[in-house]
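**Student:** Have a peek at run_28.txt (compact mmCIF, C-alpha atoms (C1' of nucleotides)).
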```
# COMPACT_ATOMS: atom_id res chain seq x y z
CA MET A 1 15.78 -7.52 80.59
CA SER A 2 13.30 -8.37 77.93
CA LEU A 3 13.21 -7.62 74.25
CA ILE A 4 10.12 -5.44 74.47
CA SER A 5 8.53 -3.48 77.31
CA LYS A 6 5.35 -4.46 79.12
CA SER A 7 3.60 -1.59 77.39
CA CYS A 8 4.56 -3.13 74.09
CA GLU A 9 3.47 -6.62 75.13
CA TYR A 10 0.10 -5.23 76.17
CA GLY A 11 -0.22 -3.23 72.98
CA LEU A 12 0.51 -6.25 70.80
CA ARG A 13 -1.85 -8.53 72.68
CA ALA A 14 -4.64 -5.95 72.62
CA THR A 15 -4.17 -5.30 68.91
CA LEU A 16 -4.27 -9.01 68.16
CA TYR A 17 -7.37 -9.30 70.35
CA ILE A 18 -9.11 -6.58 68.35
CA ALA A 19 -8.04 -8.15 65.07
CA ALA A 20 -9.41 -11.51 66.17
CA ARG A 21 -12.81 -9.87 66.73
CA ARG A 22 -13.07 -8.84 63.05
CA GLY A 23 -11.08 -5.67 63.70
CA ASP A 24 -13.54 -3.25 62.16
CA GLU A 25 -16.03 -3.25 65.03
CA TYR A 26 -15.46 -1.22 68.18
CA VAL A 27 -14.41 -3.12 71.29
CA SER A 28 -14.39 -1.39 74.66
CA ILE A 29 -11.03 -1.13 76.39
CA GLY A 30 -12.69 -2.45 79.53
CA ASP A 31 -13.50 -5.71 77.76
CA ILE A 32 -9.97 -6.05 76.43
CA ALA A 33 -8.44 -5.31 79.83
CA ARG A 34 -10.70 -7.87 81.51
CA ASP A 35 -10.14 -10.64 78.96
CA LEU A 36 -6.40 -10.12 78.74
CA ASP A 37 -5.97 -9.43 82.46
CA ILE A 38 -4.33 -6.06 81.95
CA SER A 39 -4.76 -2.93 84.09
CA PHE A 40 -7.56 -0.94 82.47
CA HIS A 41 -6.11 2.55 82.93
CA PHE A 42 -2.66 1.47 81.90
CA LEU A 43 -3.98 -0.21 78.79
CA THR A 44 -6.00 2.89 77.97
CA LYS A 45 -2.87 4.99 77.79
CA ILE A 46 -1.11 2.46 75.58
CA LEU A 47 -4.01 2.22 73.16
CA GLN A 48 -4.16 6.01 73.03
CA LYS A 49 -0.68 5.91 71.55
CA LEU A 50 -1.84 3.47 68.91
CA THR A 51 -4.79 5.71 68.14
CA GLN A 52 -2.53 8.73 67.81
CA HIS A 53 -0.32 6.76 65.41
CA GLY A 54 -3.28 5.91 63.19
CA ILE A 55 -3.21 2.20 63.93
CA LEU A 56 -6.45 2.27 65.93
CA LYS A 57 -9.47 4.51 65.80
CA SER A 58 -11.62 5.22 68.84
CA SER A 59 -15.19 6.18 69.65
CA ARG A 60 -16.50 7.51 72.97
CA GLY A 61 -19.81 6.84 74.56
CA PRO A 62 -22.04 3.76 74.69
CA SER A 63 -21.14 1.05 72.17
CA GLY A 64 -17.89 2.90 71.66
CA GLY A 65 -14.38 1.57 72.06
CA VAL A 66 -11.38 1.03 69.83
CA ALA A 67 -11.08 -0.64 66.44
CA LEU A 68 -8.47 -1.04 63.75
CA ALA A 69 -8.08 2.07 61.65
CA ARG A 70 -6.70 0.10 58.73
CA PRO A 71 -7.36 -3.30 57.13
CA VAL A 72 -6.04 -6.21 59.24
CA LYS A 73 -3.85 -7.28 56.36
CA SER A 74 -2.05 -3.93 56.25
CA VAL A 75 -1.02 -3.79 59.92
CA SER A 76 2.18 -5.55 60.94
CA LEU A 77 3.36 -6.23 64.44
CA LEU A 78 6.27 -3.94 63.69
CA ASP A 79 3.84 -1.06 63.19
CA VAL A 80 2.51 -1.65 66.70
CA VAL A 81 5.94 -2.07 68.26
CA LEU A 82 7.35 1.09 66.73
CA ALA A 83 4.31 3.09 67.80
CA ILE A 84 4.91 2.18 71.43
CA GLU A 85 8.58 1.39 71.77
CA ASP A 86 11.56 3.63 71.20
CA HIS A 87 12.76 3.25 67.65
CA GLU A 88 16.25 2.43 68.92
CA LEU A 89 15.21 -1.15 69.61
CA PHE A 90 16.38 -2.21 66.17
CA THR A 91 19.30 0.16 65.88
CA ALA A 92 20.95 0.34 69.30
CA CYS A 93 24.28 -1.26 70.15
CA VAL A 94 23.94 -4.44 72.18
CA LEU A 95 26.77 -3.23 74.43
CA GLY A 96 25.20 0.20 74.81
CA LEU A 97 27.82 2.18 72.89
CA LYS A 98 26.56 5.46 71.46
CA GLU A 99 28.66 5.23 68.35
CA CYS A 100 28.45 1.73 66.98
CA SER A 101 28.18 1.12 63.26
CA GLU A 102 29.80 -0.70 60.39
CA SER A 103 32.61 1.83 60.37
CA THR A 104 33.13 2.02 64.14
CA PRO A 105 31.80 -1.28 65.45
CA CYS A 106 31.72 -2.68 68.95
CA PRO A 107 33.05 -6.23 69.35
CA LEU A 108 29.57 -7.68 68.81
CA HIS A 109 28.29 -5.31 66.16
CA ALA A 110 28.34 -7.63 63.16
CA GLN A 111 26.71 -10.52 64.96
CA TRP A 112 24.09 -8.48 66.72
CA ALA A 113 23.21 -6.44 63.63
CA ARG A 114 22.33 -9.69 61.88
CA GLU A 115 20.12 -10.91 64.74
CA ARG A 116 18.24 -7.67 65.29
CA ALA A 117 17.58 -7.44 61.56
CA ARG A 118 16.07 -10.91 61.70
CA ILE A 119 13.87 -9.92 64.63
CA GLN A 120 12.74 -6.80 62.85
CA ARG A 121 11.87 -8.87 59.78
CA MET A 122 9.94 -11.24 62.01
CA PHE A 123 7.76 -8.40 63.31
CA ARG A 124 7.46 -6.70 59.95
CA GLY A 125 6.52 -9.88 58.15
CA THR A 126 3.81 -10.81 60.63
CA THR A 127 0.58 -9.03 59.82
CA LEU A 128 -2.49 -9.17 62.01
CA ASP A 129 -4.51 -11.23 59.53
CA LYS A 130 -2.02 -14.08 59.77
CA LEU A 131 -2.71 -14.53 63.47
CA ALA A 132 -6.31 -13.38 63.77
CA LYS A 133 -8.00 -16.65 62.78
CA PRO A 134 -6.15 -19.08 65.07
CA ILE A 135 -6.75 -16.63 67.92
CA ALA A 136 -10.42 -16.27 67.10
CA ASP A 137 -11.00 -20.02 67.02
CA GLY A 138 -9.02 -20.64 70.20
CA THR A 139 -6.05 -22.41 68.65
CA LEU A 140 -3.76 -19.66 69.94
CA ARG A 141 -4.34 -17.61 73.07
CA LEU A 142 -3.46 -14.11 74.27
CA ALA A 143 -3.66 -14.66 78.03
CA ASN A 144 -2.82 -17.33 80.55
CA MET B 1 13.51 -1.82 75.90
CA SER B 2 16.83 -3.39 75.22
CA LEU B 3 17.88 -6.97 74.94
CA ILE B 4 20.16 -6.84 77.95
CA SER B 5 20.30 -4.55 80.99
CA LYS B 6 22.88 -1.85 81.56
CA SER B 7 24.38 -4.03 84.29
CA CYS B 8 24.88 -6.72 81.70
CA GLU B 9 26.34 -4.35 79.15
CA TYR B 10 28.82 -3.10 81.74
CA GLY B 11 29.65 -6.64 82.82
CA LEU B 12 30.35 -7.75 79.27
CA ARG B 13 32.45 -4.72 78.44
CA ALA B 14 34.45 -5.04 81.65
CA THR B 15 35.04 -8.75 81.12
CA LEU B 16 36.21 -8.14 77.57
CA TYR B 17 38.44 -5.35 78.86
CA ILE B 18 40.05 -7.70 81.36
CA ALA B 19 40.44 -10.41 78.73
CA ALA B 20 42.13 -7.96 76.38
CA ARG B 21 44.72 -7.23 79.10
CA ARG B 22 45.87 -10.87 79.19
CA GLY B 23 43.09 -11.81 81.62
CA ASP B 24 45.30 -13.47 84.18
CA GLU B 25 46.69 -10.31 85.72
CA TYR B 26 44.74 -8.25 88.22
CA VAL B 27 43.24 -5.02 86.98
CA SER B 28 41.77 -2.53 89.44
CA ILE B 29 38.08 -1.81 89.06
CA GLY B 30 38.91 1.88 89.22
CA ASP B 31 40.98 1.56 86.05
CA ILE B 32 38.22 -0.33 84.25
CA ALA B 33 35.58 2.18 85.32
CA ARG B 34 37.71 5.08 84.15
CA ASP B 35 38.65 3.58 80.78
CA LEU B 36 35.14 2.38 80.00
CA ASP B 37 33.43 5.44 81.47
CA ILE B 38 31.30 3.45 83.90
CA SER B 39 30.32 4.42 87.45
CA PHE B 40 32.94 2.90 89.73
CA HIS B 41 30.67 1.79 92.57
CA PHE B 42 28.05 0.45 90.22
CA LEU B 43 30.63 -1.54 88.30
CA THR B 44 32.02 -2.88 91.56
CA LYS B 45 28.69 -4.46 92.41
CA ILE B 46 28.35 -6.00 88.97
CA LEU B 47 31.84 -7.46 89.03
CA GLN B 48 31.15 -8.85 92.50
CA LYS B 49 28.43 -10.96 90.94
CA LEU B 50 30.88 -12.27 88.37
CA THR B 51 33.34 -13.07 91.14
CA GLN B 52 30.65 -14.91 93.09
CA HIS B 53 29.83 -16.92 89.97
CA GLY B 54 33.43 -17.99 89.56
CA ILE B 55 33.99 -16.06 86.35
CA LEU B 56 36.32 -13.54 87.95
CA LYS B 57 38.65 -13.75 90.91
CA SER B 58 39.52 -10.76 93.05
CA SER B 59 42.34 -9.57 95.27
CA ARG B 60 42.21 -6.73 97.77
CA GLY B 61 44.92 -4.30 98.64
CA PRO B 62 47.65 -2.64 96.61
CA SER B 63 48.21 -4.16 93.17
CA GLY B 64 44.95 -5.99 93.67
CA GLY B 65 41.88 -5.95 91.46
CA VAL B 66 39.94 -8.46 89.42
CA ALA B 67 41.08 -11.03 86.91
CA LEU B 68 39.62 -13.93 84.99
CA ALA B 69 39.20 -16.98 87.18
CA ARG B 70 39.32 -19.31 84.18
CA PRO B 71 41.21 -19.45 80.87
CA VAL B 72 39.99 -16.85 78.34
CA LYS B 73 39.11 -19.60 75.93
CA SER B 74 36.71 -21.24 78.38
CA VAL B 75 34.59 -18.19 79.16
CA SER B 76 31.73 -17.37 76.80
CA LEU B 77 29.70 -14.19 76.72
CA LEU B 78 26.72 -16.33 77.70
CA ASP B 79 28.47 -17.21 80.97
CA VAL B 80 28.74 -13.51 81.77
CA VAL B 81 25.19 -12.72 80.71
CA LEU B 82 23.63 -15.49 82.76
CA ALA B 83 25.65 -14.52 85.84
CA ILE B 84 24.18 -11.02 85.76
CA GLU B 85 20.87 -11.27 83.96
CA ASP B 86 17.78 -13.20 84.93
CA HIS B 87 17.88 -16.60 83.30
CA GLU B 88 14.45 -15.99 81.78
CA LEU B 89 16.02 -13.90 79.01
CA PHE B 90 16.26 -16.95 76.78
CA THR B 91 13.11 -18.68 77.95
CA ALA B 92 10.48 -15.97 78.50
CA CYS B 93 7.53 -15.41 76.21
CA VAL B 94 7.90 -12.39 73.96
CA LEU B 95 4.31 -11.39 74.78
CA GLY B 96 4.87 -11.88 78.51
CA LEU B 97 2.61 -14.89 78.99
CA LYS B 98 3.48 -17.01 81.99
CA GLU B 99 2.56 -20.26 80.31
CA CYS B 100 3.99 -20.27 76.83
CA SER B 101 5.52 -23.40 75.37
CA GLU B 102 5.33 -25.77 72.45
CA SER B 103 2.18 -27.26 73.88
CA THR B 104 0.48 -24.01 74.89
CA PRO B 105 2.03 -21.40 72.61
CA CYS B 106 1.33 -17.71 72.30
CA PRO B 107 0.79 -16.45 68.74
CA LEU B 108 4.48 -15.65 68.36
CA HIS B 109 5.96 -18.59 70.23
CA ALA B 110 7.36 -20.56 67.30
CA GLN B 111 8.95 -17.55 65.63
CA TRP B 112 10.38 -16.04 68.78
CA ALA B 113 11.70 -19.35 70.11
CA ARG B 114 13.79 -19.64 66.96
CA GLU B 115 15.20 -16.12 67.29
CA ARG B 116 16.02 -16.29 70.97
CA ALA B 117 17.76 -19.62 70.41
CA ARG B 118 19.91 -17.96 67.76
CA ILE B 119 20.78 -15.13 70.11
CA GLN B 120 21.68 -17.57 72.84
CA ARG B 121 23.91 -19.47 70.42
CA MET B 122 25.53 -16.18 69.45
CA PHE B 123 26.49 -15.48 73.06
CA ARG B 124 27.45 -19.06 73.83
CA GLY B 125 29.58 -19.41 70.74
CA THR B 126 31.51 -16.22 71.39
CA THR B 127 34.34 -16.83 73.84
CA LEU B 128 36.53 -14.10 75.25
CA ASP B 129 39.62 -15.21 73.37
CA LYS B 130 37.92 -14.57 70.04
CA LEU B 131 37.48 -10.89 70.83
CA ALA B 132 40.45 -10.20 73.09
CA LYS B 133 43.06 -9.61 70.38
CA PRO B 134 41.19 -7.11 68.17
CA ILE B 135 40.29 -5.22 71.34
CA ALA B 136 43.86 -5.25 72.63
CA ASP B 137 45.28 -3.94 69.36
CA GLY B 138 42.59 -1.27 69.00
CA THR B 139 40.74 -2.75 66.03
CA LEU B 140 37.61 -3.00 68.16
CA ARG B 141 36.70 -0.71 71.02
CA LEU B 142 34.72 -1.01 74.27
CA ALA B 143 33.86 2.64 74.82
CA ASN B 144 32.93 5.70 72.79
C1' DA C 1 53.02 -2.33 113.58
C1' DG C 2 51.25 1.37 110.69
C1' DA C 3 49.84 3.58 106.46
C1' DA C 4 48.13 3.13 101.98
C1' DT C 5 45.44 0.67 98.67
C1' DA C 6 41.58 -1.78 96.79
C1' DA C 7 37.55 -4.92 96.96
C1' DA C 8 33.16 -5.96 99.79
C1' DA C 9 29.03 -4.55 101.69
C1' DG C 10 25.28 -1.90 102.42
C1' DA C 11 22.68 2.51 103.02
C1' DC C 12 20.77 6.03 100.41
C1' DA C 13 19.32 8.75 96.16
C1' DT C 14 17.59 9.22 91.43
C1' DA C 15 15.32 7.94 87.07
C1' DC C 16 12.12 5.60 84.64
C1' DA C 17 8.61 2.05 83.83
C1' DT C 18 4.54 0.45 85.60
C1' DG C 19 0.19 0.80 87.90
C1' DT C 20 -3.87 3.36 90.21
C1' DC C 21 -7.11 6.90 90.68
C1' DT C 22 -9.80 11.11 89.61
C1' DT C 23 -11.74 14.38 86.54
C1' DA C 24 -12.96 16.00 81.89
C1' DA C 25 -14.89 15.44 77.33
C1' DA C 26 -17.57 13.14 73.92
C1' DT C 27 -21.22 10.08 72.42
C1' DT C 28 -25.45 7.45 72.73
C1' DG C 29 -30.17 6.41 73.95
C1' DG C 30 -34.32 7.47 76.45
C1' DC D 1 -32.25 17.70 77.84
C1' DC D 2 -30.57 14.12 80.97
C1' DA D 3 -28.34 10.08 82.41
C1' DA D 4 -25.31 6.50 81.32
C1' DT D 5 -21.28 5.00 78.99
C1' DT D 6 -16.72 5.18 77.33
C1' DT D 7 -12.36 7.32 75.80
C1' DA D 8 -8.96 11.21 76.99
C1' DA D 9 -6.01 13.39 80.06
C1' DG D 10 -3.39 13.98 83.86
C1' DA D 11 -2.18 13.61 88.85
C1' DC D 12 -0.34 10.48 91.97
C1' DA D 13 1.69 6.02 93.86
C1' DT D 14 4.63 2.02 93.51
C1' DG D 15 8.42 -0.85 91.89
C1' DT D 16 12.70 -1.75 89.83
C1' DA D 17 17.00 -0.52 87.61
C1' DT D 18 20.53 2.54 87.96
C1' DG D 19 23.75 5.50 90.29
C1' DT D 20 26.18 7.63 94.57
C1' DC D 21 28.24 7.61 98.96
C1' DT D 22 30.12 5.74 103.33
C1' DT D 23 32.01 2.16 106.12
C1' DT D 24 34.24 -2.27 106.59
C1' DT D 25 37.59 -5.82 105.49
C1' DA D 26 41.61 -7.67 103.46
C1' DT D 27 46.20 -7.07 101.48
C1' DT D 28 50.63 -4.98 100.48
C1' DC D 29 54.55 -2.30 101.40
C1' DT D 30 57.52 0.32 104.36
```
Can you turn what I pasted into structure tokens?
**Tutor:**
Amino acid sequence: MSLISKSCEYGLRATLYIAARRGDEYVSIGDIARDLDISFHFLTKILQKLTQHGILKSSRGPSGGVALARPVKSVSLLDVVLAIEDHELFTACVLGLKECSESTPCPLHAQWARERARIQRMFRGTTLDKLAKPIADGTLRLAN
Amino acid sequence: MSLISKSCEYGLRATLYIAARRGDEYVSIGDIARDLDISFHFLTKILQKLTQHGILKSSRGPSGGVALARPVKSVSLLDVVLAIEDHELFTACVLGLKECSESTPCPLHAQWARERARIQRMFRGTTLDKLAKPIADGTLRLAN
DNA sequence: AGAATAAAAGACATACATGTCTTAAATTGG
DNA sequence: CCAATTTAAGACATGTATGTCTTTTATTCT
């Protein structure tokens, strides 16, 4: 398996792509799909979720597209992940037990709880503005 | 998504179950499936993989079943995970890029590489013997 | 040897994620 | 108003993980 779904990967890459292009100006989904080599229609549905969650705003018609609905600095990767992924990512038992908590732990509960909390902090602590510049200037890339 | 697949969850729980029953004596897959509430035929296929990887040994016929092929102390959870899961779990890019490494990193490479290494260490450092006792005496459980 | 037991193997079915395609609705510019 | 553009919405197809069922093979016990 993988930590996050393909939908989530696409959503994160697209959001970072938008942020790297100033964020406040509309970018067409077709452009994003082409540059990031993602299926256009599939990406459209993913970005719709982000729009519905208030992370992106959209505009139809010529010169339309999607843009960030909030300041780059105020959007974390966790916001994007939670808008697309099931919330259970950071709460579910690593062994799949329904009831797994401090009081009724599975054999790996303590160790896994620590790791997933770290991962969540990693996503929460990374805001779009921190990555936008190196992406914009080509230091970091969003596609192969 | 989840960190590991259901197959992997089942494989880990079954292996821990076997370890908690001394490990060296054969346990029928039917018993494991019943106690852990896992589909019998599905579990059979998963445990076959573990047998093929030399983690379990099996015996057909009456009083047969599966048992650990090696001492409990020498089997780590990572051994089980890697026998079932794709090896890419601990190497793949979190954003799904094919080429993602120190030299050509994605925007999250550095941070994710650190986390996935920790998770791998968690699985590698946890051997069956460390969990067998608390499971055997009921302190920790493998099913709801 | 024969019957019972249990893993091995593989066909088949189901669920869900992913991907493709078509139509509708909204916006822009001439 | 009309044509072009672009998101929205939903039907449909494909792929993969998961789950079920049947048959085969090996082993044990009588």
**Student:** Which one of D:DC29, D:DC12, D:DA4, D:DC21 sits closest to DT20 in chain C if you count all atoms listed in the file?
**Tutor:**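 The closest residue to DT20 in chain C is D:DC12.
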**Student:** Do me a favour and pick out the residues of chain A within 6 Å of chain D, using only C-alpha atoms (C1' of nucleotides), as a PDB file with C-alpha atoms, in the coordinates of the input.
**Tutor:**
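As written to disk, out_9.pdb reads:
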```
ATOM      1  CA  ARG A  60     -16.500   7.510  72.970  1.00  0.00           C
ATOM      2  CA  GLY A  61     -19.810   6.840  74.560  1.00  0.00           C
ATOM      3  CA  PRO A  62     -22.040   3.760  74.690  1.00  0.00           C
TER       4      PRO A  62
END
```
**Student:** Do you have the CA of Lys45 in chain B-CA of Gly96 in chain A distance handy?
**Tutor:**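 CA of Gly96 in chain A lies at a distance of 18.5 Å from CA of Lys45 in chain B.
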**Student:** Counting only C-alpha atoms (C1' of nucleotides), which residues of chain C come no farther than 12 Å from chain A, as an MDAnalysis selection string?
**Tutor:** chainID C and resid 17:22 25:29
**Student:** Only residues of chain A matter here; which ones have an atom within 7 Å of chain B, counting all atoms listed in the file? Give them as an MDAnalysis selection string.
**Tutor:** chainID A and resid 1:5 9 89 95:99 105:107 115 119 131 140:144
**Student:** Just C-alpha atoms for this one: save the residues we selected as a short mmCIF file (atom, residue, chain, number, x, y, z; two decimals), in the coordinates of the input.
**Tutor:**
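Printed below is selection-v8.cif as written:
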```cif
data_model
loop_
_atom_site.label_atom_id
_atom_site.label_comp_id
_atom_site.auth_asym_id
_atom_site.auth_seq_id
_atom_site.Cartn_x
_atom_site.Cartn_y
_atom_site.Cartn_z
CA MET A 1 15.78 -7.52 80.59
CA SER A 2 13.30 -8.37 77.93
CA LEU A 3 13.21 -7.62 74.25
CA ILE A 4 10.12 -5.44 74.47
CA SER A 5 8.53 -3.48 77.31
CA GLU A 9 3.47 -6.62 75.13
CA LEU A 89 15.21 -1.15 69.61
CA LEU A 95 26.77 -3.23 74.43
CA GLY A 96 25.20 0.20 74.81
CA LEU A 97 27.82 2.18 72.89
CA LYS A 98 26.56 5.46 71.46
CA GLU A 99 28.66 5.23 68.35
CA PRO A 105 31.80 -1.28 65.45
CA CYS A 106 31.72 -2.68 68.95
CA PRO A 107 33.05 -6.23 69.35
CA GLU A 115 20.12 -10.91 64.74
CA ILE A 119 13.87 -9.92 64.63
CA LEU A 131 -2.71 -14.53 63.47
CA LEU A 140 -3.76 -19.66 69.94
CA ARG A 141 -4.34 -17.61 73.07
CA LEU A 142 -3.46 -14.11 74.27
CA ALA A 143 -3.66 -14.66 78.03
CA ASN A 144 -2.82 -17.33 80.55
#
```
**Student:** Provide the CA of Leu68 in chain B to CA of Asp24 in chain B distance in Å, to one decimal place.
**Tutor:**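 Separation of CA of Leu68 in chain B and CA of Asp24 in chain B: 5.8 Å.
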**Student:** Which value, in Å to one decimal, gives the distance between C1' of DT5 in chain C and CA of Gln52 in chain B?
**Tutor:**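 Between C1' of DT5 in chain C and CA of Gln52 in chain B the gap is 22.2 Å.
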**Student:** Mind checking which residues fall within 12 Å of Gln48 in chain B, counting all atoms listed in the file, ignoring those fewer than 3 positions away in the same chain, and posting them as a list in words?
**Tutor:** Ser7, Gly11, Ala14, Ile29, His41, Phe42, Leu43, Thr44, Lys45, Thr51, Gln52, His53, Gly54, Ile55, Leu56, Lys57, Ser58, Ser59, Gly65, Val66, Ala67, Val80, Ala83 and Ile84 of chain B; DA7, DA8 and DA9 of chain C
**Student:** Please define a box with edges along x, y and z of the file around all atoms of range 85-98 of chain B given in the file, extend it by 5 Å on each side, and return its centre and edge lengths in Å to one decimal, as JSON.
**Tutor:**
```
{"center_x": 11.7, "center_y": -15.0, "center_z": 79.4, "size_x": 28.3, "size_y": 17.4, "size_z": 21.0}
```
**Student:** For a cut-off of 6 Å around (7.7, -4.6, 62.1), file coordinates, pick out all residues using all atoms listed in the file and list them as a list in words.
**Tutor:**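 Using all atoms listed in the file, the matching residues come out as Ser76, Leu77, Leu78, Asp79, Gln120, Phe123 and Arg124 of chain A.
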